[in-house]
file start-v7.csv (CSV, C-alpha atoms)
chain,number,residue,atom,x,y,z
M,1,MET,CA,79.2,50.9,-6.0
M,2,THR,CA,78.6,53.0,-9.0
M,3,LEU,CA,79.5,52.8,-12.7
M,4,THR,CA,81.5,56.0,-12.3
M,5,GLN,CA,83.7,54.3,-9.6
M,6,LEU,CA,84.2,51.3,-11.9
M,7,GLU,CA,85.2,53.6,-14.8
M,8,ILE,CA,87.7,55.5,-12.7
M,9,PHE,CA,89.1,52.2,-11.4
M,10,SER,CA,89.4,50.8,-14.9
M,11,THR,CA,91.1,54.0,-16.2
M,12,VAL,CA,93.6,54.1,-13.3
M,13,ALA,CA,94.4,50.4,-13.8
M,14,GLU,CA,95.0,51.0,-17.6
M,15,LEU,CA,97.1,54.1,-17.2
M,16,ARG,CA,98.9,53.1,-14.0
M,17,GLY,CA,98.5,56.6,-12.5
M,18,PHE,CA,96.0,58.9,-10.8
M,19,THR,CA,97.1,62.0,-12.6
M,20,LEU,CA,96.9,60.4,-16.1
M,21,ALA,CA,93.5,59.0,-15.3
M,22,ALA,CA,92.2,62.3,-14.0
M,23,ASN,CA,93.4,64.1,-17.1
M,24,ARG,CA,91.7,61.5,-19.4
M,25,LEU,CA,88.4,61.6,-17.4
M,26,GLY,CA,88.4,65.4,-17.1
M,27,ILE,CA,88.1,65.3,-13.3
M,28,SER,CA,90.4,66.3,-10.4
M,29,GLN,CA,93.0,63.9,-9.0
M,30,SER,CA,91.4,64.2,-5.6
M,31,ALA,CA,88.1,63.0,-7.2
M,32,VAL,CA,89.9,60.0,-8.6
M,33,SER,CA,91.5,59.2,-5.2
M,34,HIS,CA,88.2,59.6,-3.3
M,35,ALA,CA,86.3,57.4,-5.7
M,36,LEU,CA,88.9,54.6,-5.4
M,37,LYS,CA,89.1,54.9,-1.7
M,38,SER,CA,85.3,54.7,-1.4
M,39,LEU,CA,85.2,51.6,-3.7
M,40,GLU,CA,87.9,49.9,-1.7
M,41,GLN,CA,86.1,50.6,1.6
M,42,GLU,CA,82.8,49.3,0.2
M,43,LEU,CA,84.4,46.1,-1.1
M,44,GLY,CA,86.7,45.7,1.9
M,45,VAL,CA,89.8,44.9,-0.2
M,46,GLU,CA,92.8,46.9,-1.5
M,47,LEU,CA,92.5,47.2,-5.3
M,48,LEU,CA,95.7,49.1,-5.9
M,49,HIS,CA,99.2,49.3,-4.4
M,50,ARG,CA,100.2,53.0,-4.4
M,51,HIS,CA,103.8,53.9,-5.0
M,52,GLN,CA,105.4,57.3,-5.2
M,53,SER,CA,105.2,57.7,-9.0
M,54,ARG,CA,102.8,54.9,-10.1
M,55,VAL,CA,100.2,52.5,-9.0
M,56,GLU,CA,99.9,48.8,-9.7
M,57,LEU,CA,97.0,46.4,-9.3
M,58,SER,CA,96.8,44.0,-6.3
M,59,ASP,CA,96.0,40.4,-7.0
M,60,ILE,CA,92.3,40.9,-6.2
M,61,GLY,CA,92.4,44.1,-8.1
M,62,GLN,CA,93.6,42.3,-11.2
M,63,GLN,CA,90.8,39.8,-10.8
M,64,LEU,CA,88.1,42.4,-10.2
M,65,LEU,CA,89.3,44.6,-13.1
M,66,LEU,CA,88.0,42.0,-15.6
M,67,ARG,CA,84.6,42.0,-13.9
M,68,ALA,CA,84.5,45.8,-13.8
M,69,ARG,CA,85.3,46.0,-17.6
M,70,ALA,CA,82.6,43.5,-18.3
M,71,MET,CA,80.0,45.5,-16.3
M,72,LEU,CA,81.1,48.7,-18.0
M,73,GLY,CA,80.8,47.0,-21.4
M,74,LEU,CA,77.2,45.8,-20.6
M,75,ALA,CA,76.3,49.3,-19.3
M,76,ASN,CA,77.6,50.7,-22.6
M,77,THR,CA,75.5,48.1,-24.5
M,78,LEU,CA,72.4,49.2,-22.6
M,79,ARG,CA,73.1,52.8,-23.5
M,80,GLN,CA,73.7,51.9,-27.1
M,81,GLU,CA,70.4,49.9,-27.3
M,82,ALA,CA,68.6,52.9,-25.9
M,83,ALA,CA,70.3,55.1,-28.4
M,84,ASP,CA,69.4,52.6,-31.2
M,85,ALA,CA,65.8,53.0,-30.3
M,86,ARG,CA,66.2,56.7,-30.8
M,87,GLY,CA,68.0,56.3,-34.1
M,88,MET,CA,71.5,55.7,-32.6
M,89,LYS,CA,72.0,59.5,-32.3
M,90,ARG,CA,74.6,59.1,-29.5
M,91,GLY,CA,77.1,56.5,-28.3
M,92,THR,CA,80.7,55.4,-28.2
M,93,LEU,CA,82.6,52.8,-30.3
M,94,ARG,CA,86.1,51.6,-29.3
M,95,ILE,CA,88.1,50.1,-32.2
M,96,GLY,CA,91.4,48.2,-32.0
M,97,SER,CA,93.6,48.2,-35.1
M,98,PHE,CA,97.0,46.8,-36.1
M,99,GLY,CA,99.5,47.7,-38.8
M,100,PRO,CA,99.1,49.3,-42.2
M,101,THR,CA,96.6,46.7,-43.6
M,102,SER,CA,93.9,47.5,-41.1
M,103,SER,CA,94.9,51.1,-40.1
M,104,ILE,CA,95.5,52.4,-43.6
M,105,LYS,CA,93.8,50.1,-46.1
M,106,LEU,CA,90.6,49.0,-44.3
M,107,LEU,CA,89.7,51.3,-41.5
M,108,PRO,CA,89.5,54.7,-43.4
M,109,LEU,CA,87.1,53.2,-45.9
M,110,ILE,CA,84.8,51.7,-43.3
M,111,LEU,CA,85.1,54.7,-41.0
M,112,ALA,CA,84.1,57.3,-43.7
M,113,GLN,CA,80.9,55.5,-44.4
M,114,TYR,CA,80.2,54.7,-40.8
M,115,ARG,CA,80.6,58.3,-39.7
M,116,ALA,CA,78.3,59.4,-42.5
M,117,ALA,CA,75.6,57.0,-41.4
M,118,HIS,CA,76.1,57.5,-37.6
M,119,PRO,CA,77.5,61.0,-37.0
M,120,GLY,CA,76.5,60.9,-33.4
M,121,ILE,CA,78.7,57.9,-32.5
M,122,GLU,CA,82.0,59.0,-30.9
M,123,VAL,CA,84.7,56.7,-32.3
M,124,HIS,CA,87.9,55.9,-30.4
M,125,ILE,CA,90.8,54.0,-32.1
M,126,ASP,CA,93.7,52.3,-30.4
M,127,GLU,CA,96.5,50.9,-32.5
M,128,GLY,CA,98.9,48.2,-31.4
M,129,PRO,CA,100.4,44.8,-32.4
M,130,ASP,CA,98.0,42.1,-33.4
M,131,ARG,CA,98.5,40.2,-30.1
M,132,GLN,CA,97.6,43.4,-28.2
M,133,VAL,CA,94.4,43.9,-30.1
M,134,ILE,CA,93.4,40.4,-29.1
M,135,GLN,CA,94.2,41.1,-25.5
M,136,TRP,CA,92.2,44.3,-25.6
M,137,LEU,CA,89.2,42.4,-26.9
M,138,GLU,CA,89.5,39.7,-24.2
M,139,GLU,CA,89.8,42.4,-21.5
M,140,ARG,CA,86.8,44.4,-23.0
M,141,ARG,CA,89.0,47.5,-23.5
M,142,ILE,CA,87.7,47.7,-27.1
M,143,ASP,CA,84.3,46.8,-28.6
M,144,ILE,CA,85.6,45.5,-31.9
M,145,GLY,CA,89.0,44.8,-33.4
M,146,PHE,CA,90.9,44.0,-36.6
M,147,VAL,CA,92.5,40.5,-36.3
M,148,VAL,CA,94.3,37.9,-38.4
M,149,LEU,CA,92.0,35.0,-39.0
M,150,PRO,CA,91.0,32.4,-38.2
M,151,ASP,CA,90.5,32.9,-34.5
M,152,GLU,CA,87.9,30.7,-32.8
M,153,ARG,CA,87.8,32.8,-29.6
M,154,PHE,CA,85.7,35.5,-31.2
M,155,ASP,CA,82.8,36.2,-33.5
M,156,THR,CA,84.5,37.2,-36.7
M,157,VAL,CA,84.0,38.2,-40.3
M,158,ALA,CA,86.7,38.0,-43.0
M,159,LEU,CA,87.3,41.2,-45.0
M,160,ILE,CA,90.4,40.7,-47.2
M,161,GLU,CA,92.9,38.0,-48.1
M,162,ASP,CA,96.5,38.5,-49.1
M,163,ARG,CA,99.7,36.5,-48.9
M,164,MET,CA,102.9,36.4,-46.9
M,165,VAL,CA,106.1,37.3,-48.8
M,166,ALA,CA,109.8,37.4,-48.0
M,167,LEU,CA,111.7,40.6,-48.3
M,168,LEU,CA,115.4,40.4,-49.2
M,169,PRO,CA,118.1,43.0,-49.6
M,170,LEU,CA,118.7,43.9,-53.3
M,171,ASN,CA,122.1,42.1,-53.5
M,172,HIS,CA,121.0,39.0,-51.6
M,173,PRO,CA,122.0,35.6,-53.2
M,174,LEU,CA,118.4,34.5,-53.2
M,175,ALA,CA,117.2,37.6,-55.0
M,176,THR,CA,117.3,35.8,-58.4
M,177,GLU,CA,115.3,32.8,-57.2
M,178,PRO,CA,111.7,32.5,-58.3
M,179,SER,CA,110.6,31.8,-54.7
M,180,VAL,CA,112.0,31.0,-51.3
M,181,SER,CA,111.2,28.6,-48.5
M,182,LEU,CA,111.1,29.3,-44.8
M,183,SER,CA,114.2,27.2,-44.4
M,184,ASP,CA,116.0,29.5,-46.9
M,185,LEU,CA,115.4,32.4,-44.5
M,186,CYS,CA,116.9,30.9,-41.4
M,187,HIS,CA,120.6,31.4,-42.3
M,188,ASP,CA,120.8,35.2,-42.4
M,189,PRO,CA,119.9,37.9,-39.8
M,190,PHE,CA,116.1,38.2,-39.6
M,191,VAL,CA,114.1,41.3,-38.6
M,192,LEU,CA,110.7,40.7,-36.9
M,193,THR,CA,108.0,43.4,-37.0
M,194,GLU,CA,106.3,43.4,-33.7
M,195,ALA,CA,103.3,45.2,-35.1
M,196,GLY,CA,101.1,43.6,-37.8
M,197,SER,CA,101.2,39.8,-38.3
M,198,SER,CA,104.1,39.0,-36.1
M,199,GLU,CA,102.1,36.2,-34.4
M,200,LEU,CA,101.4,34.6,-37.8
M,201,VAL,CA,105.1,34.8,-38.8
M,202,SER,CA,106.2,33.2,-35.5
M,203,ARG,CA,103.6,30.4,-35.9
M,204,LEU,CA,104.8,29.7,-39.5
M,205,PHE,CA,108.3,29.1,-38.4
M,206,ASN,CA,107.2,27.1,-35.3
M,207,ALA,CA,104.9,24.9,-37.4
M,208,ALA,CA,107.8,24.1,-39.7
M,209,ARG,CA,110.1,23.5,-36.7
M,210,LEU,CA,112.4,26.2,-37.9
M,211,THR,CA,114.1,29.1,-35.9
M,212,PRO,CA,114.9,32.3,-37.8
M,213,ASN,CA,118.0,34.1,-36.7
M,214,ILE,CA,116.2,37.1,-35.2
M,215,ARG,CA,118.7,40.0,-34.8
M,216,PHE,CA,116.2,42.9,-35.0
M,217,ARG,CA,112.8,43.5,-33.5
M,218,CYS,CA,111.0,46.6,-34.9
M,219,SER,CA,107.8,48.1,-33.6
M,220,GLN,CA,106.9,49.6,-37.0
M,221,LEU,CA,106.9,48.2,-40.5
M,222,LEU,CA,108.7,51.2,-41.9
M,223,SER,CA,111.7,50.4,-39.6
M,224,THR,CA,111.6,46.8,-40.8
M,225,LEU,CA,111.7,48.0,-44.4
M,226,ASP,CA,114.6,50.3,-43.7
M,227,THR,CA,116.5,47.4,-42.0
M,228,VAL,CA,116.0,45.2,-45.1
M,229,SER,CA,116.9,48.0,-47.6
M,230,ARG,CA,120.2,48.7,-45.7
M,231,GLY,CA,121.1,45.0,-46.2
M,232,ASP,CA,121.2,44.3,-42.5
M,233,ALA,CA,118.5,41.5,-42.5
M,234,LEU,CA,115.7,39.8,-44.3
M,235,THR,CA,112.1,39.3,-43.2
M,236,VAL,CA,108.6,37.9,-43.8
M,237,VAL,CA,105.6,40.3,-43.9
M,238,ALA,CA,102.1,40.4,-45.3
M,239,GLU,CA,102.0,41.7,-48.9
M,240,GLY,CA,99.0,43.9,-48.2
M,241,SER,CA,100.9,45.8,-45.6
M,242,LEU,CA,103.6,47.0,-48.0
M,243,PRO,CA,103.7,50.6,-49.2
M,244,ALA,CA,102.9,51.2,-52.9
M,245,HIS,CA,105.8,51.9,-55.3
M,246,ASP,CA,108.4,51.0,-52.6
M,247,GLU,CA,109.9,47.7,-54.1
M,248,GLY,CA,113.0,49.4,-55.5
M,249,ARG,CA,114.5,49.3,-52.0
M,250,TYR,CA,114.3,45.5,-51.6
M,251,VAL,CA,113.3,42.3,-53.4
M,252,LYS,CA,110.0,40.7,-52.7
M,253,LYS,CA,109.7,37.0,-53.1
M,254,ASN,CA,106.8,34.6,-52.9
M,255,LEU,CA,107.0,31.9,-50.3
M,256,SER,CA,107.1,28.2,-51.3
M,257,PRO,CA,104.7,26.8,-50.3
M,258,ALA,CA,102.5,29.8,-50.5
M,259,VAL,CA,101.0,31.2,-47.3
M,260,ALA,CA,97.7,33.1,-47.4
M,261,ARG,CA,96.6,35.6,-44.7
M,262,GLN,CA,93.1,36.7,-43.9
M,263,VAL,CA,92.3,39.9,-42.0
M,264,GLY,CA,88.9,40.5,-40.5
M,265,LEU,CA,86.9,42.0,-37.7
M,266,ALA,CA,86.2,40.4,-34.3
M,267,LEU,CA,83.7,40.8,-31.6
M,268,LEU,CA,84.1,39.2,-28.2
M,269,ASP,CA,80.5,38.1,-28.3
M,270,ARG,CA,78.0,39.2,-30.9
M,271,ARG,CA,75.1,38.6,-28.5
M,272,GLN,CA,76.5,41.1,-26.1
M,273,ALA,CA,77.8,43.6,-28.6
M,274,SER,CA,76.5,47.2,-28.7
M,275,PRO,CA,74.4,48.4,-31.6
M,276,ALA,CA,77.2,50.7,-32.5
M,277,ALA,CA,79.7,47.8,-32.8
M,278,LEU,CA,77.2,45.6,-34.7
M,279,ALA,CA,76.5,48.4,-37.1
M,280,PHE,CA,80.3,48.8,-37.8
M,281,PHE,CA,80.7,45.0,-38.1
M,282,ASP,CA,77.8,44.7,-40.6
M,283,LEU,CA,78.9,47.7,-42.6
M,284,ALA,CA,82.4,46.3,-42.9
M,285,ARG,CA,81.2,43.0,-44.3
M,286,ARG,CA,79.2,44.6,-47.1
M,287,LEU,CA,82.1,46.8,-48.5
M,288,ASP,CA,84.3,46.0,-51.4
M,289,TYR,CA,88.0,46.4,-50.7
M,290,ARG,CA,89.4,45.8,-54.1

call {"tool": "encode", "arguments": {"input": "start-v7.csv", "output": "structure tokens"}}
result
Amino acid sequence: MTLTQLEIFSTVAELRGFTLAANRLGISQSAVSHALKSLEQELGVELLHRHQSRVELSDIGQQLLLRARAMLGLANTLRQEAADARGMKRGTLRIGSFGPTSSIKLLPLILAQYRAAHPGIEVHIDEGPDRQVIQWLEERRIDIGFVVLPDERFDTVALIEDRMVALLPLNHPLATEPSVSLSDLCHDPFVLTEAGSSELVSRLFNAARLTPNIRFRCSQLLSTLDTVSRGDALTVVAEGSLPAHDEGRYVKKNLSPAVARQVGLALLDRRQASPAALAFFDLARRLDYR
């Protein structure tokens, strides 16, 4: 069993296809097939069920994938520690990000200084909903991720705090109120943004034992804002995620009681994190985001 075989197995499992994995890894499809066949023969189990247009993990394959990613993560940490001894001239850092707050307002500032300090580190960024970033961390598909805090599952550092706000159509009856409650928002059609802080929004309503009338689910915040500005629905979002100078399209209202949101960085386990990830983590905590 080699690390190359485990990397090929992990990539095929992620992309659900031999051709896509071969393209990402820069090798032939036959090399991918041979590596997986050899790994399965060595282990004596079928890791993948092969179909005409796709592959899917077997039960044992799903179980071993987590182990494979853990081994690849540790191997990457070993390489990073060796690179650290040489001045961290080479290495790879995989970052998970969600929504405008992290991808637009936090990540560019951190990344600019990080690349200046460590130009030899190759940075990969994957963006998805907040719940997916957490899944990527748990599965070791990323080294570090932006998350909504608190989250006791990880080693974390808080970077910024903002608040949750309601967005209403311009002619909504509540538009003249000084603030709105969650219960006020349960009577009209509601649009939920799947990216960003969707988990936090759902938890807020669940904790209050309320059920919003969800009629729309948007993968991007811009689609949510368009839905509200058309008068089709209202929503709750993080104030820090809103575009500047865009409030003429909708009415923004504070929630009563107020709800704060913290965004920070998370490592699965600081003790096993690579030097490249720790350097990014420590740099981010020292910056001023005001």

call {"tool": "closest_residue", "arguments": {"input": "start-v7.csv", "among": "M:Asp155, M:Gly17, M:Gly196, M:Asp269", "to": "Ala70 in chain M", "atoms": "only C-alpha atoms"}}
result
M:Asp269

call {"tool": "residues_near_point", "arguments": {"input": "start-v7.csv", "point": "(90.2, 43.0, -15.3)", "cutoff": "12 Å", "atoms": "all atoms listed in the file", "output": "number ranges by chain"}}
result
M: 6-7, 9-14, 47, 57-73, 135-141

call {"tool": "write_last_selection", "arguments": {"input": "start-v7.csv", "atoms": "C-alpha atoms", "output": "PDB file, in the frame of the given file"}}
result
ATOM      1  CA  LEU M   6      84.200  51.300 -11.900  1.00  0.00           C
ATOM      2  CA  GLU M   7      85.200  53.600 -14.800  1.00  0.00           C
ATOM      3  CA  PHE M   9      89.100  52.200 -11.400  1.00  0.00           C
ATOM      4  CA  SER M  10      89.400  50.800 -14.900  1.00  0.00           C
ATOM      5  CA  THR M  11      91.100  54.000 -16.200  1.00  0.00           C
ATOM      6  CA  VAL M  12      93.600  54.100 -13.300  1.00  0.00           C
ATOM      7  CA  ALA M  13      94.400  50.400 -13.800  1.00  0.00           C
ATOM      8  CA  GLU M  14      95.000  51.000 -17.600  1.00  0.00           C
ATOM      9  CA  LEU M  47      92.500  47.200  -5.300  1.00  0.00           C
ATOM     10  CA  LEU M  57      97.000  46.400  -9.300  1.00  0.00           C
ATOM     11  CA  SER M  58      96.800  44.000  -6.300  1.00  0.00           C
ATOM     12  CA  ASP M  59      96.000  40.400  -7.000  1.00  0.00           C
ATOM     13  CA  ILE M  60      92.300  40.900  -6.200  1.00  0.00           C
ATOM     14  CA  GLY M  61      92.400  44.100  -8.100  1.00  0.00           C
ATOM     15  CA  GLN M  62      93.600  42.300 -11.200  1.00  0.00           C
ATOM     16  CA  GLN M  63      90.800  39.800 -10.800  1.00  0.00           C
ATOM     17  CA  LEU M  64      88.100  42.400 -10.200  1.00  0.00           C
ATOM     18  CA  LEU M  65      89.300  44.600 -13.100  1.00  0.00           C
ATOM     19  CA  LEU M  66      88.000  42.000 -15.600  1.00  0.00           C
ATOM     20  CA  ARG M  67      84.600  42.000 -13.900  1.00  0.00           C
ATOM     21  CA  ALA M  68      84.500  45.800 -13.800  1.00  0.00           C
ATOM     22  CA  ARG M  69      85.300  46.000 -17.600  1.00  0.00           C
ATOM     23  CA  ALA M  70      82.600  43.500 -18.300  1.00  0.00           C
ATOM     24  CA  MET M  71      80.000  45.500 -16.300  1.00  0.00           C
ATOM     25  CA  LEU M  72      81.100  48.700 -18.000  1.00  0.00           C
ATOM     26  CA  GLY M  73      80.800  47.000 -21.400  1.00  0.00           C
ATOM     27  CA  GLN M 135      94.200  41.100 -25.500  1.00  0.00           C
ATOM     28  CA  TRP M 136      92.200  44.300 -25.600  1.00  0.00           C
ATOM     29  CA  LEU M 137      89.200  42.400 -26.900  1.00  0.00           C
ATOM     30  CA  GLU M 138      89.500  39.700 -24.200  1.00  0.00           C
ATOM     31  CA  GLU M 139      89.800  42.400 -21.500  1.00  0.00           C
ATOM     32  CA  ARG M 140      86.800  44.400 -23.000  1.00  0.00           C
ATOM     33  CA  ARG M 141      89.000  47.500 -23.500  1.00  0.00           C
TER      34      ARG M 141
END

call {"tool": "closest_residue", "arguments": {"input": "start-v7.csv", "among": "M:His245, M:Arg163, M:Arg203, M:Arg215", "to": "Gln262 in chain M", "atoms": "only C-alpha atoms"}}
result
M:Arg163

call {"tool": "closest_residue", "arguments": {"input": "start-v7.csv", "among": "M:Ile8, M:Leu109, M:Ala266, M:Val32", "to": "Ile95 in chain M", "atoms": "all atoms listed in the file"}}
result
M:Ala266

call {"tool": "atom_distance", "arguments": {"input": "start-v7.csv", "atom1": "CA of Ala238 in chain M", "atom2": "CA of Arg209 in chain M"}}
result
20.6 Å

call {"tool": "closest_residue", "arguments": {"input": "start-v7.csv", "among": "M:Val259, M:Ser53, M:Ala244, M:Val133", "to": "Phe205 in chain M", "atoms": "only C-alpha atoms"}}
result
M:Val259

call {"tool": "atom_distance", "arguments": {"input": "start-v7.csv", "atom1": "CA of Gln132 in chain M", "atom2": "CA of Ile144 in chain M"}}
result
12.7 Å

call {"tool": "atom_distance", "arguments": {"input": "start-v7.csv", "atom1": "CA of Leu74 in chain M", "atom2": "CA of Leu106 in chain M"}}
result
27.4 Å

call {"tool": "closest_residue", "arguments": {"input": "start-v7.csv", "among": "M:Ala35, M:Ile27, M:Ala258, M:Leu234", "to": "His187 in chain M", "atoms": "only C-alpha atoms"}}
result
M:Leu234

call {"tool": "closest_residue", "arguments": {"input": "start-v7.csv", "among": "M:Gly96, M:Gly120, M:Pro108, M:Gly91", "to": "Val147 in chain M", "atoms": "all atoms listed in the file"}}
result
M:Gly96

call {"tool": "residues_around", "arguments": {"input": "start-v7.csv", "residues": "Phe281 in chain M", "least_positions_apart": "6", "cutoff": "10 Å", "atoms": "all atoms listed in the file", "output": "PyMOL selection string"}}
result
chain M and resi 110+144-145+156-157+264-267+270+275

call {"tool": "residues_around", "arguments": {"input": "start-v7.csv", "residues": "Val148 in chain M", "least_positions_apart": "4", "cutoff": "12 Å", "atoms": "all atoms listed in the file", "output": "VMD selection string"}}
result
chain M and resid 97 to 99 101 to 102 129 to 131 133 to 134 152 154 156 to 163 196 to 201 238 260 to 266

call {"tool": "residues_around", "arguments": {"input": "start-v7.csv", "residues": "Ser256 in chain M", "least_positions_apart": "6", "cutoff": "7 Å", "atoms": "all atoms listed in the file", "output": "list in words"}}
result
Ser179, Val180 and Ser181 of chain M
